[in-house]
>>> print(open('coords.pdb').read())   # PDB, C-alpha atoms
MODEL        1
ATOM      1  CA  MET A 572      56.880 -47.486  48.357  1.00  0.00           C
ATOM      2  CA  LYS A 573      58.968 -48.739  45.445  1.00  0.00           C
ATOM      3  CA  SER A 574      61.661 -46.570  43.920  1.00  0.00           C
ATOM      4  CA  LYS A 575      61.929 -46.101  40.143  1.00  0.00           C
ATOM      5  CA  LYS A 576      64.781 -48.613  40.256  1.00  0.00           C
ATOM      6  CA  ASP A 577      62.403 -51.269  41.539  1.00  0.00           C
ATOM      7  CA  THR A 578      59.533 -50.737  39.085  1.00  0.00           C
ATOM      8  CA  ASP A 579      58.755 -53.610  36.752  1.00  0.00           C
ATOM      9  CA  PHE A 580      57.922 -53.326  33.051  1.00  0.00           C
ATOM     10  CA  THR A 581      54.168 -52.981  33.593  1.00  0.00           C
ATOM     11  CA  GLU A 582      54.575 -50.234  36.167  1.00  0.00           C
ATOM     12  CA  ALA A 583      57.105 -48.415  33.979  1.00  0.00           C
ATOM     13  CA  LEU A 584      54.702 -48.618  31.029  1.00  0.00           C
ATOM     14  CA  MET A 585      51.871 -47.218  33.155  1.00  0.00           C
ATOM     15  CA  LEU A 586      54.106 -44.317  34.257  1.00  0.00           C
ATOM     16  CA  ALA A 587      55.058 -43.630  30.639  1.00  0.00           C
ATOM     17  CA  GLN A 588      51.401 -43.724  29.561  1.00  0.00           C
ATOM     18  CA  ALA A 589      50.569 -41.232  32.324  1.00  0.00           C
ATOM     19  CA  ALA A 590      53.093 -38.808  30.764  1.00  0.00           C
ATOM     20  CA  VAL A 591      51.272 -38.710  27.410  1.00  0.00           C
ATOM     21  CA  PHE A 592      50.450 -35.185  26.229  1.00  0.00           C
ATOM     22  CA  PRO A 593      46.990 -34.259  24.909  1.00  0.00           C
ATOM     23  CA  GLU A 594      46.421 -35.576  21.374  1.00  0.00           C
ATOM     24  CA  GLU A 595      49.200 -38.173  21.814  1.00  0.00           C
ATOM     25  CA  GLU A 596      49.147 -41.868  22.528  1.00  0.00           C
ATOM     26  CA  LEU A 597      51.694 -44.400  23.653  1.00  0.00           C
ATOM     27  CA  LYS A 598      51.171 -47.833  22.172  1.00  0.00           C
ATOM     28  CA  ILE A 599      52.787 -50.776  23.913  1.00  0.00           C
ATOM     29  CA  GLU A 600      54.807 -51.598  20.773  1.00  0.00           C
ATOM     30  CA  ASN A 601      56.450 -48.150  21.068  1.00  0.00           C
ATOM     31  CA  PHE A 602      57.649 -48.722  24.626  1.00  0.00           C
ATOM     32  CA  ASN A 603      60.626 -50.738  25.742  1.00  0.00           C
ATOM     33  CA  ARG A 604      62.769 -51.113  28.807  1.00  0.00           C
ATOM     34  CA  VAL A 605      66.425 -52.148  28.800  1.00  0.00           C
ATOM     35  CA  ASN A 606      69.202 -52.170  31.349  1.00  0.00           C
ATOM     36  CA  THR A 607      71.193 -48.952  31.573  1.00  0.00           C
ATOM     37  CA  GLU A 608      74.455 -50.673  30.615  1.00  0.00           C
ATOM     38  CA  GLY A 609      72.938 -52.071  27.419  1.00  0.00           C
ATOM     39  CA  PHE A 610      71.444 -48.688  26.521  1.00  0.00           C
ATOM     40  CA  GLU A 611      74.753 -46.883  27.082  1.00  0.00           C
ATOM     41  CA  LYS A 612      76.612 -49.386  24.897  1.00  0.00           C
ATOM     42  CA  ALA A 613      73.984 -49.044  22.161  1.00  0.00           C
ATOM     43  CA  VAL A 614      74.234 -45.237  22.181  1.00  0.00           C
ATOM     44  CA  VAL A 615      78.033 -45.357  21.920  1.00  0.00           C
ATOM     45  CA  LEU A 616      77.851 -47.922  19.111  1.00  0.00           C
ATOM     46  CA  LEU A 617      75.293 -45.901  17.124  1.00  0.00           C
ATOM     47  CA  LYS A 618      77.337 -42.716  17.624  1.00  0.00           C
ATOM     48  CA  CYS A 619      80.474 -44.445  16.326  1.00  0.00           C
ATOM     49  CA  TRP A 620      78.686 -45.901  13.286  1.00  0.00           C
ATOM     50  CA  ALA A 621      77.021 -42.571  12.501  1.00  0.00           C
ATOM     51  CA  GLU A 622      80.309 -40.652  12.740  1.00  0.00           C
ATOM     52  CA  MET A 623      82.112 -43.151  10.493  1.00  0.00           C
ATOM     53  CA  THR A 624      79.303 -42.973   7.926  1.00  0.00           C
ATOM     54  CA  MET A 625      78.990 -39.177   8.091  1.00  0.00           C
ATOM     55  CA  ARG A 626      82.739 -38.706   7.630  1.00  0.00           C
ATOM     56  CA  GLU A 627      82.666 -40.595   4.337  1.00  0.00           C
ATOM     57  CA  MET A 628      79.286 -39.242   3.250  1.00  0.00           C
ATOM     58  CA  PHE A 629      80.454 -35.623   3.557  1.00  0.00           C
ATOM     59  CA  LYS A 630      83.463 -36.362   1.352  1.00  0.00           C
ATOM     60  CA  LYS A 631      80.894 -36.713  -1.452  1.00  0.00           C
ATOM     61  CA  ARG A 632      82.282 -39.971  -2.755  1.00  0.00           C
ATOM     62  CA  ASN A 633      81.003 -43.468  -3.138  1.00  0.00           C
ATOM     63  CA  PHE A 634      81.387 -45.984  -0.362  1.00  0.00           C
ATOM     64  CA  ARG A 635      80.151 -49.402   0.622  1.00  0.00           C
ATOM     65  CA  ILE A 636      79.148 -50.461   4.137  1.00  0.00           C
ATOM     66  CA  GLU A 637      79.411 -54.064   5.214  1.00  0.00           C
ATOM     67  CA  ILE A 638      78.231 -55.567   8.484  1.00  0.00           C
ATOM     68  CA  ASN A 639      79.438 -59.068   9.320  1.00  0.00           C
ATOM     69  CA  TYR A 640      77.450 -60.635  12.152  1.00  0.00           C
ATOM     70  CA  ASN A 641      79.073 -63.769  13.574  1.00  0.00           C
ATOM     71  CA  ALA A 642      76.784 -65.358  16.167  1.00  0.00           C
ATOM     72  CA  GLU A 643      79.220 -68.176  16.908  1.00  0.00           C
ATOM     73  CA  ALA A 644      82.135 -65.841  17.677  1.00  0.00           C
ATOM     74  CA  GLN A 645      79.759 -63.300  19.254  1.00  0.00           C
ATOM     75  CA  LYS A 646      81.357 -60.517  17.211  1.00  0.00           C
ATOM     76  CA  VAL A 647      80.077 -57.978  14.696  1.00  0.00           C
ATOM     77  CA  ASP A 648      82.422 -56.182  12.285  1.00  0.00           C
ATOM     78  CA  PHE A 649      81.364 -52.900  10.686  1.00  0.00           C
ATOM     79  CA  ALA A 650      83.449 -51.729   7.720  1.00  0.00           C
ATOM     80  CA  ILE A 651      83.234 -48.810   5.308  1.00  0.00           C
ATOM     81  CA  TYR A 652      85.022 -49.441   2.014  1.00  0.00           C
ATOM     82  CA  THR A 653      86.028 -46.376  -0.036  1.00  0.00           C
ATOM     83  CA  PRO A 654      87.528 -46.154  -3.530  1.00  0.00           C
ATOM     84  CA  THR A 655      91.298 -45.759  -3.821  1.00  0.00           C
ATOM     85  CA  GLU A 656      92.710 -42.546  -5.283  1.00  0.00           C
ATOM     86  CA  HIS A 657      93.310 -44.301  -8.586  1.00  0.00           C
ATOM     87  CA  ALA A 658      90.057 -46.248  -8.701  1.00  0.00           C
ATOM     88  CA  GLY A 659      88.609 -46.341 -12.163  1.00  0.00           C
ATOM     89  CA  GLU A 660      91.808 -45.398 -14.015  1.00  0.00           C
ATOM     90  CA  ASN A 661      92.641 -48.951 -15.088  1.00  0.00           C
ATOM     91  CA  SER A 662      89.257 -50.559 -14.630  1.00  0.00           C
ATOM     92  CA  LYS A 663      87.030 -51.758 -17.419  1.00  0.00           C
ATOM     93  CA  PRO A 664      83.748 -49.928 -17.984  1.00  0.00           C
ATOM     94  CA  GLU A 665      80.691 -51.506 -16.418  1.00  0.00           C
ATOM     95  CA  HIS A 666      78.902 -53.990 -18.613  1.00  0.00           C
ATOM     96  CA  SER A 667      75.722 -52.624 -20.130  1.00  0.00           C
ATOM     97  CA  GLU A 668      72.859 -54.681 -21.525  1.00  0.00           C
ATOM     98  CA  ASN A 669      71.986 -51.877 -23.967  1.00  0.00           C
TER      99      ASN A 669
ENDMDL
END
>>> encode(input="coords.pdb", output="structure tokens")
Amino acid sequence: MKSKKDTDFTEALMLAQAAVFPEEELKIENFNRVNTEGFEKAVVLLKCWAEMTMREMFKKRNFRIEINYNAEAQKVDFAIYTPTEHAGENSKPEHSEN
């Protein structure tokens, strides 16, 4: 008998479909299987991004998020830009078409 570690995608999908509650369904497009290491890294990454975003969001000020994906370097940079304390004091008003 195979252990859960040895189950392939199809068997894992069948096990997941067997766990459906009444009046639920599990469509194949809503099921995925990844390696544990990749999942753990994804959870940590999402937690970090969410905490960074929440920290600035709860300060009730404007911010800009930028994600730079560099396939060649195999790196992704995530940055949150916030206004300086003196932002707006010496800046020109935004141009208006009206």
>>> atom_distance(input="coords.pdb", atom1="CA of Lys618 (chain A)", atom2="CA of Ala650 (chain A)")
14.7 Å
>>> residues_around(input="coords.pdb", residues="region 632-639 of chain A", least_positions_apart="6", cutoff="6 Å", atoms="all atoms listed in the file", output="ChimeraX atom specification")
/A:647-653
>>> resolve_selection(input="coords.pdb", expression="the PyMOL selection byres ((chain A and resi 604) around 12)", output="PDB file with C-alpha atoms, keeping the file's coordinate frame")
ATOM      1  CA  LYS A 576      64.781 -48.613  40.256  1.00  0.00           C
ATOM      2  CA  THR A 578      59.533 -50.737  39.085  1.00  0.00           C
ATOM      3  CA  ASP A 579      58.755 -53.610  36.752  1.00  0.00           C
ATOM      4  CA  PHE A 580      57.922 -53.326  33.051  1.00  0.00           C
ATOM      5  CA  THR A 581      54.168 -52.981  33.593  1.00  0.00           C
ATOM      6  CA  GLU A 582      54.575 -50.234  36.167  1.00  0.00           C
ATOM      7  CA  ALA A 583      57.105 -48.415  33.979  1.00  0.00           C
ATOM      8  CA  LEU A 584      54.702 -48.618  31.029  1.00  0.00           C
ATOM      9  CA  ALA A 587      55.058 -43.630  30.639  1.00  0.00           C
ATOM     10  CA  ILE A 599      52.787 -50.776  23.913  1.00  0.00           C
ATOM     11  CA  GLU A 600      54.807 -51.598  20.773  1.00  0.00           C
ATOM     12  CA  ASN A 601      56.450 -48.150  21.068  1.00  0.00           C
ATOM     13  CA  PHE A 602      57.649 -48.722  24.626  1.00  0.00           C
ATOM     14  CA  ASN A 603      60.626 -50.738  25.742  1.00  0.00           C
ATOM     15  CA  VAL A 605      66.425 -52.148  28.800  1.00  0.00           C
ATOM     16  CA  ASN A 606      69.202 -52.170  31.349  1.00  0.00           C
ATOM     17  CA  THR A 607      71.193 -48.952  31.573  1.00  0.00           C
ATOM     18  CA  GLU A 608      74.455 -50.673  30.615  1.00  0.00           C
ATOM     19  CA  GLY A 609      72.938 -52.071  27.419  1.00  0.00           C
ATOM     20  CA  PHE A 610      71.444 -48.688  26.521  1.00  0.00           C
TER      21      PHE A 610
END
>>> atom_distance(input="coords.pdb", atom1="CA of Met628 (chain A)", atom2="CA of Leu616 (chain A)")
18.1 Å
>>> atom_distance(input="coords.pdb", atom1="CA of Lys598 (chain A)", atom2="CA of Met585 (chain A)")
11.0 Å
>>> axis_aligned_box(input="coords.pdb", around="region 581-597 of chain A", padding_each_side="3 Å", output="lines of an AutoDock Vina configuration file")
center_x = 51.8
center_y = -43.6
center_z = 28.8
size_x = 16.7
size_y = 24.7
size_z = 20.8
